[in-house]
Amino acid sequence: MNKLHRSPVDLLFHALRPLVIFTVRKPLLIIGIGVLLGVLGFLSSINLSIDTDISNLLPEQNPTVQAMEQLKQTVGGESAAAVAITSPSFQSNRRFADDLIPLVMEQHQSNGEQFFIRVDYRKDTSFMQNNALYFATDSELAGLIDFLIEMTSLEHLLHTAESELTINTSSFFENIAVNEYPISDDSLTMVLRFYPANAQTDVGYIEHAFAMLDSVSTALNPSAYHPDMEIVPGGRMQRQMVEIKAITNEVSSSFGLGVIVILLLVTGYFFVKAYYAKAEKKNDIRTILLLITRIPVIAALIGIPLILSLLWTFGLARVVYGSLNMMTSILGLILFGLSIDYGIHFYARYSEERTEGKSVEKSIVTTFQSSGQAITIAGLTTAISLFVLIFADFKGFSEFGFIACTGIIFGLISMLFILPALLVVFERTSLLSLKPASPHTKKVRNRPSPAAGSIVVLCLLTVAAAIVPASRVSFEYDFDTLEPVFEEYESRHEVISRVYPTSNYRNPAFILLENPEDVGPLLENLRARVDSDTTILSVEALQERFPADSVSQAMRLARLAEIRQLLDAPFFTIANTEDIQRLRQAAQTTEAIQLSDVPEYLTDMFTAKDGSLGSFVMIFPEQGLSDGRNSIAFSEAIGTVELENGTVYYAASTSLVAAEMLRLLQLESPWIITATFILVLLLMYLNFRDMQLTLLALVPLVVGMLWTFLLLEVTGVKLNFYNMVVLPVLLGIGNDAGVHIVHRYMELGRGSIRRVLSTTGKHVAMASVTTMIGFSGSLLSSHPGLRSIGHIAVLGIASTLLSALLFLPALLQLLENTNKCPNKIRR
């Protein structure tokens, strides 16, 4: 073929021919280089860990991430570690708590920092009962005064029922009432809440913290306090630890199981092919026994290059990133399932060449020049689709793209050079002996399929039916549905919730103050937003609860004097309910209270790790933030606050980080998917140098993706935060089948569709099945988000495979029948 008419891939493989010949003649050197690099990769990746800090999935320069890091350094963790103490004796529970708390608080991490900065335990209720209204906010006091004035009006004197008075004042006391100890209604369960020094997303810290809690609790010997005493650690921090342990164990077990299943499937496939090629008679026992002994050889041939490529990949990942994130943690089995495809196609074509009587060297060179090109195009298509992800700001995409892209390229290199070198060594040592096929082997006859037109019409109808569902695939915003349920956590949570019900929990956002003088303007700004935005419940700041200067103290005392005067009205003397008595007691403060005299449990929520007070403002959401849309709305409402003096503050919380990731995902996904498809199209055209062949090779991808969206709609599977990464990946791997079938069809010419399906079609099917098994590892996960990755991937790969083996051959046959085949398909 003239060089001017060769594709870039043709020219590349022509240039690489000497390297392939060198590989055949110096196989031990090639294998040695691969093993050496594998050892280096192993040493690099041996300490590779999983980083579950979700804030690390956003760019470091992102304001939300920077605010979150400041929050970690200044305030510590947002959620507490809970320790439940249960026994039939409240006194025993209290004695154990009194002994446990000082031991826990004196424990330090390896960096010298305390594990916990404070603990919720005993509260001086008498102080609060006598001074509660002194610590009410101005808005709360104003509302109470208006209420008391209204109640003393003539109309209310005549018509207001005592029950109405009780209800209204009770609603106020819900905000200031406290119990002395954190106990359940029956007083038999006490829950201590330890607030962490690190962020709740730091799983390494959480694991060490709970190990310390367990060690200290065990050393105290709970049974010495009461024979039936039980200590139950829990809380959201503990759930995070349970989740990561479960995912780590699942990744390891699914990888091991998946590798075994894939290798058994592949070796079984080649066992059957070899039997039909070698058997001289029906039920040839001698051939069966011989081939059984060769199964470990095939497993080694395919497995060694794969393992080496994975070691290279994760060794490089350790150097570049230092750790894996939640989404890249499942890449081991996925890459194994993807990269083995190249080995299947290479070895299958090599065995075909050998059974035709060609030498080892000629078989390898021929395979490299023919199937090697299809393998490379398929591999590069997948790699490029993953490479596009690298440019995303969302690290869940970019790190997944880099590791998966390099894994595909390393797998491709390993199968194109390490596998041929192993074939030479195994053939020379008689570990592998591929001989010409038995003369009894049946040849596939090229007969056109009479049903080609009907199949094309049927497939086009299903494509048309998939267009509407494809446009309305929904997105899962509810984070709760993406969270796994762990029995270990749920059983502990049941105990903790006796004291702290989940329904009462709201995760606040924090704004750290650079200048204490900004508190007033910041509160004013946020108060205005509370009135106009339904996503904000309340705003809390130290200055609102604790008047520090003489002016604000005098104003607060004046308000209390006004309340005492109103409570002296005749109406309240007559309607002297329990709530009115509590109000009188709570309003009796007549002198300013200094911060040093305030119990710690009142100042704890405003205390930083260094013990300073008042350096931040807390904003509580009106709604639960498990729904991503609520998180986004809350983030838009308070995420950025600009004061009149030009100072800009950014709010921080794990919910705001999640909202930022969702926004980034929605922003980047469309252009990533579009860019991936365009690059796949360009690469296909560069390979075939013919638009008709390019479009034919793309048929399985386009039709398969539409079928996938139809199946998503039918099965109710939604796109979500985790599985969105699968869509650009499917654009790469979903095109492999079409590339291989069109390449072989070009090679064999018109009238060869049945032969293409009986050879390359089988290899394509096996390769797709192994890829599906690679993604199926995530189906075994207890994590719904990771499991959804497997759902979409398996549906997508199965759909593109069905399109490649059904629609594409029927379309090619129809083009043959109507004499409309591309000109490059030889007659």
# chains A, B, ... in the order shown; residues from 1 in each chain; ligands from 1
$ select_by_dssp --residues "stretch 60-280 of chain A" --states "alpha helix (DSSP H)" --output "MDAnalysis selection string"
chainID A and resid 63:74 90:105 125:131 138:151 154:159 162:173 203:219 236:278
$ residues_around --residues "A:Ile678" --least-positions-apart "5" --cutoff "12 Å" --atoms "only C-alpha atoms" --output "MDAnalysis selection string"
chainID A and resid 381 384:385 388 671:673 683:685 698 728 731:732
$ write_last_selection --atoms "N, CA, C and O atoms" --output "CSV table (one decimal), in the first residue's frame"
chain,number,residue,atom,x,y,z
A,381,THR,N,-8.7,4.6,21.9
A,381,THR,CA,-10.0,5.2,22.0
A,381,THR,C,-10.4,5.3,23.4
A,381,THR,O,-10.9,6.3,23.9
A,384,ILE,N,-8.1,7.7,25.4
A,384,ILE,CA,-8.4,9.1,25.1
A,384,ILE,C,-9.7,9.6,25.8
A,384,ILE,O,-9.8,10.7,26.3
A,385,SER,N,-10.7,8.7,25.7
A,385,SER,CA,-11.9,9.0,26.4
A,385,SER,C,-11.7,9.3,27.9
A,385,SER,O,-12.4,10.1,28.5
A,388,VAL,N,-9.6,12.7,28.6
A,388,VAL,CA,-10.4,14.0,28.6
A,388,VAL,C,-10.7,14.3,30.1
A,388,VAL,O,-10.8,15.5,30.5
A,671,TRP,N,-19.5,19.0,28.8
A,671,TRP,CA,-18.4,19.3,27.9
A,671,TRP,C,-17.5,18.1,27.9
A,671,TRP,O,-16.8,17.8,26.8
A,672,ILE,N,-17.3,17.4,29.0
A,672,ILE,CA,-16.5,16.2,29.0
A,672,ILE,C,-17.0,15.1,28.1
A,672,ILE,O,-16.3,14.5,27.3
A,673,ILE,N,-18.3,14.9,28.2
A,673,ILE,CA,-19.0,13.8,27.3
A,673,ILE,C,-18.9,14.2,25.9
A,673,ILE,O,-18.6,13.4,25.0
A,683,LEU,N,-10.4,10.0,16.2
A,683,LEU,CA,-9.5,8.9,16.2
A,683,LEU,C,-9.9,7.8,15.2
A,683,LEU,O,-9.1,7.2,14.6
A,684,MET,N,-11.2,7.5,15.2
A,684,MET,CA,-11.7,6.5,14.3
A,684,MET,C,-11.5,6.9,12.9
A,684,MET,O,-11.1,6.1,12.0
A,685,TYR,N,-11.7,8.2,12.6
A,685,TYR,CA,-11.5,8.6,11.2
A,685,TYR,C,-10.0,8.5,10.8
A,685,TYR,O,-9.6,8.2,9.7
A,698,LEU,N,-18.8,3.1,14.5
A,698,LEU,CA,-19.4,3.8,15.6
A,698,LEU,C,-20.8,3.4,15.9
A,698,LEU,O,-21.4,3.7,16.9
A,728,PRO,N,-18.5,8.9,30.1
A,728,PRO,CA,-17.3,9.1,29.1
A,728,PRO,C,-16.5,7.8,29.0
A,728,PRO,O,-16.0,7.6,27.9
A,731,LEU,N,-18.1,5.7,26.3
A,731,LEU,CA,-17.9,6.2,25.0
A,731,LEU,C,-16.6,5.6,24.4
A,731,LEU,O,-16.4,5.4,23.2
A,732,GLY,N,-15.6,5.3,25.3
A,732,GLY,CA,-14.3,4.7,24.9
A,732,GLY,C,-14.4,3.2,24.7
A,732,GLY,O,-14.1,2.7,23.6
$ atom_distance --atom1 "atom CA of A:Lys820" --atom2 "atom CA of A:Val699"
16.3 Å
$ residues_around --residues "A:Ser497" --least-positions-apart "4" --cutoff "12 Å" --atoms "only C-alpha atoms" --output "compact mmCIF listing (two decimals) with all heavy atoms, in the first residue's frame"
# COMPACT_ATOMS: atom_id res chain seq x y z
N ALA A 82 -19.70 9.58 69.68
CA ALA A 82 -20.61 9.33 70.81
C ALA A 82 -20.21 8.06 71.54
O ALA A 82 -19.79 7.08 70.92
CB ALA A 82 -22.05 9.21 70.32
N VAL A 83 -20.32 8.08 72.85
CA VAL A 83 -20.09 6.89 73.67
C VAL A 83 -21.31 6.71 74.57
O VAL A 83 -21.58 7.53 75.45
CB VAL A 83 -18.82 7.04 74.54
CG1 VAL A 83 -18.66 5.82 75.45
CG2 VAL A 83 -17.58 7.21 73.67
N ALA A 84 -22.07 5.65 74.31
CA ALA A 84 -23.26 5.36 75.11
C ALA A 84 -22.89 4.44 76.27
O ALA A 84 -22.17 3.45 76.09
CB ALA A 84 -24.33 4.70 74.25
N PRO A 182 -26.91 14.11 79.87
CA PRO A 182 -27.43 13.62 78.58
C PRO A 182 -27.93 12.18 78.72
O PRO A 182 -27.20 11.22 78.45
CB PRO A 182 -26.21 13.71 77.66
CG PRO A 182 -25.04 13.54 78.57
CD PRO A 182 -25.44 14.15 79.89
N ILE A 183 -29.16 12.02 79.15
CA ILE A 183 -29.70 10.70 79.44
C ILE A 183 -31.00 10.48 78.68
O ILE A 183 -31.66 11.42 78.24
CB ILE A 183 -29.95 10.50 80.95
CG1 ILE A 183 -30.85 11.61 81.49
CG2 ILE A 183 -28.62 10.47 81.70
CD1 ILE A 183 -31.23 11.44 82.94
N SER A 184 -31.38 9.21 78.56
CA SER A 184 -32.63 8.85 77.91
C SER A 184 -33.80 9.12 78.84
O SER A 184 -33.61 9.45 80.03
CB SER A 184 -32.60 7.37 77.52
OG SER A 184 -32.37 6.56 78.67
N ASP A 185 -35.00 8.97 78.34
CA ASP A 185 -36.19 9.24 79.14
C ASP A 185 -36.27 8.35 80.38
O ASP A 185 -36.77 8.77 81.43
CB ASP A 185 -37.45 9.05 78.29
CG ASP A 185 -37.57 10.11 77.20
OD1 ASP A 185 -36.92 11.17 77.35
OD2 ASP A 185 -38.28 9.87 76.21
N THR A 189 -29.76 5.11 79.97
CA THR A 189 -28.73 5.27 78.93
C THR A 189 -28.18 6.68 78.99
O THR A 189 -28.94 7.65 78.98
CB THR A 189 -29.31 5.01 77.52
OG1 THR A 189 -29.83 3.69 77.45
CG2 THR A 189 -28.24 5.19 76.46
N MET A 190 -26.87 6.79 79.08
CA MET A 190 -26.20 8.09 79.07
C MET A 190 -25.27 8.13 77.87
O MET A 190 -24.57 7.16 77.58
CB MET A 190 -25.40 8.28 80.36
CG MET A 190 -24.61 9.59 80.42
SD MET A 190 -23.68 9.74 81.97
CE MET A 190 -25.03 9.97 83.14
N VAL A 191 -25.29 9.24 77.14
CA VAL A 191 -24.46 9.36 75.94
C VAL A 191 -23.53 10.56 76.09
O VAL A 191 -23.98 11.70 76.26
CB VAL A 191 -25.31 9.51 74.66
CG1 VAL A 191 -24.40 9.76 73.45
CG2 VAL A 191 -26.16 8.26 74.44
N VAL A 232 -21.12 1.46 74.33
CA VAL A 232 -21.40 1.40 72.89
C VAL A 232 -20.89 2.68 72.23
O VAL A 232 -21.51 3.74 72.33
CB VAL A 232 -22.91 1.25 72.63
CG1 VAL A 232 -23.17 1.14 71.12
CG2 VAL A 232 -23.46 0.04 73.37
N GLY A 234 -20.26 5.14 69.05
CA GLY A 234 -21.02 5.34 67.81
C GLY A 234 -20.95 6.76 67.34
O GLY A 234 -19.97 7.47 67.57
N GLY A 235 -22.01 7.20 66.68
CA GLY A 235 -22.04 8.54 66.11
C GLY A 235 -21.66 8.53 64.64
O GLY A 235 -21.24 7.52 64.08
N ARG A 236 -21.83 9.69 64.00
CA ARG A 236 -21.52 9.80 62.56
C ARG A 236 -20.05 9.54 62.28
O ARG A 236 -19.69 9.03 61.22
CB ARG A 236 -21.89 11.19 62.06
CG ARG A 236 -23.37 11.48 62.05
CD ARG A 236 -24.13 10.67 61.03
NE ARG A 236 -23.70 10.94 59.67
CZ ARG A 236 -24.22 10.34 58.61
NH1 ARG A 236 -25.18 9.44 58.76
NH2 ARG A 236 -23.81 10.63 57.39
N TYR A 489 -23.33 -0.29 62.42
CA TYR A 489 -23.60 1.11 62.79
C TYR A 489 -25.04 1.27 63.27
O TYR A 489 -25.29 1.96 64.26
CB TYR A 489 -23.35 2.03 61.60
CG TYR A 489 -23.90 3.42 61.80
CD1 TYR A 489 -23.26 4.32 62.65
CD2 TYR A 489 -25.08 3.81 61.18
CE1 TYR A 489 -23.78 5.60 62.85
CE2 TYR A 489 -25.61 5.07 61.38
CZ TYR A 489 -24.95 5.96 62.21
OH TYR A 489 -25.48 7.21 62.42
N GLU A 490 -25.99 0.67 62.55
CA GLU A 490 -27.40 0.86 62.88
C GLU A 490 -27.72 0.37 64.29
O GLU A 490 -28.50 1.00 65.01
CB GLU A 490 -28.28 0.13 61.85
CG GLU A 490 -28.20 0.70 60.44
CD GLU A 490 -28.62 2.15 60.37
OE1 GLU A 490 -29.48 2.56 61.17
OE2 GLU A 490 -28.09 2.88 59.50
N SER A 491 -27.13 -0.75 64.69
CA SER A 491 -27.40 -1.26 66.03
C SER A 491 -26.86 -0.31 67.10
O SER A 491 -27.48 -0.11 68.15
CB SER A 491 -26.76 -2.65 66.20
OG SER A 491 -25.36 -2.59 66.02
N ARG A 492 -25.71 0.31 66.82
CA ARG A 492 -25.14 1.28 67.76
C ARG A 492 -25.95 2.58 67.74
O ARG A 492 -26.18 3.20 68.77
CB ARG A 492 -23.69 1.58 67.39
CG ARG A 492 -22.76 0.37 67.53
CD ARG A 492 -21.42 0.64 66.86
NE ARG A 492 -20.55 -0.53 66.93
CZ ARG A 492 -19.57 -0.66 67.82
NH1 ARG A 492 -19.35 0.28 68.71
NH2 ARG A 492 -18.81 -1.74 67.81
N HIS A 493 -26.39 2.95 66.53
CA HIS A 493 -27.15 4.20 66.39
C HIS A 493 -28.47 4.13 67.16
O HIS A 493 -28.94 5.14 67.69
CB HIS A 493 -27.41 4.46 64.91
CG HIS A 493 -28.23 5.69 64.65
ND1 HIS A 493 -27.80 6.96 64.97
CD2 HIS A 493 -29.48 5.84 64.14
CE1 HIS A 493 -28.73 7.83 64.66
NE2 HIS A 493 -29.77 7.18 64.16
N PRO A 501 -31.98 11.90 69.28
CA PRO A 501 -32.72 11.44 68.09
C PRO A 501 -32.17 12.09 66.83
O PRO A 501 -31.78 13.27 66.84
CB PRO A 501 -34.16 11.89 68.36
CG PRO A 501 -34.23 12.09 69.84
CD PRO A 501 -32.86 12.55 70.25
N THR A 502 -32.15 11.33 65.74
CA THR A 502 -31.62 11.83 64.47
C THR A 502 -32.40 13.02 63.97
O THR A 502 -31.84 13.93 63.37
CB THR A 502 -31.66 10.71 63.42
OG1 THR A 502 -30.97 9.57 63.93
CG2 THR A 502 -31.01 11.16 62.12
N SER A 503 -33.70 13.04 64.21
CA SER A 503 -34.54 14.11 63.68
C SER A 503 -34.15 15.49 64.20
O SER A 503 -34.47 16.50 63.60
CB SER A 503 -36.01 13.85 64.02
OG SER A 503 -36.18 13.75 65.43
N ASN A 504 -33.46 15.52 65.34
CA ASN A 504 -33.07 16.80 65.92
C ASN A 504 -31.74 17.31 65.38
O ASN A 504 -31.26 18.36 65.77
CB ASN A 504 -32.97 16.68 67.45
CG ASN A 504 -34.33 16.43 68.07
OD1 ASN A 504 -35.35 16.77 67.49
ND2 ASN A 504 -34.34 15.83 69.25
N TYR A 505 -31.13 16.54 64.50
CA TYR A 505 -29.76 16.87 64.06
C TYR A 505 -29.78 17.81 62.85
O TYR A 505 -30.48 17.57 61.88
CB TYR A 505 -29.03 15.59 63.69
CG TYR A 505 -27.64 15.84 63.15
CD1 TYR A 505 -26.58 16.10 64.00
CD2 TYR A 505 -27.41 15.83 61.79
CE1 TYR A 505 -25.31 16.34 63.50
CE2 TYR A 505 -26.14 16.06 61.27
CZ TYR A 505 -25.10 16.32 62.14
OH TYR A 505 -23.86 16.56 61.65
$ closest_atom_pairs --of "stretch 261-340 of chain A" --to "stretch 369-379 of chain A" --cutoff "12 Å" --atoms "only C-alpha atoms" --output "Markdown table"
| residue | atom | partner | partner_atom | distance |
| --- | --- | --- | --- | --- |
| A:Leu335 | CA | A:Gly379 | CA | 11.6 |
| A:Leu338 | CA | A:Gly379 | CA | 9.0 |
| A:Ser339 | CA | A:Gly379 | CA | 8.4 |
| A:Ile340 | CA | A:Ile375 | CA | 11.0 |
$ residues_around --residues "A:Phe270" --least-positions-apart "4" --cutoff "12 Å" --atoms "only C-alpha atoms" --output "number ranges by chain"
A: 263-266, 274-278, 291-292, 294-299, 301-302, 343-345, 347-352, 434, 762-763, 766
$ residues_around --residues "A:Ala592" --least-positions-apart "2" --cutoff "9 Å" --atoms "only C-alpha atoms" --output "list in words"
Tyr134, Pro547, Ser550, Gln553, Ala554, Arg556, Leu557, Thr589, Thr590 and Gln594 of chain A
$ select_by_dssp --residues "stretch 72-157 of chain A" --states "strand (DSSP E or B)" --output "NGL selection string"
:A and (81-86 or 108 or 114 or 116-120)
$ residues_around --residues "stretch 523-527 of chain A" --least-positions-apart "6" --cutoff "8 Å" --atoms "only C-alpha atoms" --output "NGL selection string"
:A and (539 or 541 or 638 or 641 or 643)
$ closest_residue --among "A:Ile288, A:Leu815, A:Leu560, A:Leu386" --to "A:Phe400" --atoms "only C-alpha atoms"
A:Leu386
$ atom_distance --atom1 "atom CA of A:Arg584" --atom2 "atom CA of A:Leu542"
24.5 Å
$ atom_distance --atom1 "atom CA of A:Phe546" --atom2 "atom CA of A:Leu133"
11.0 Å
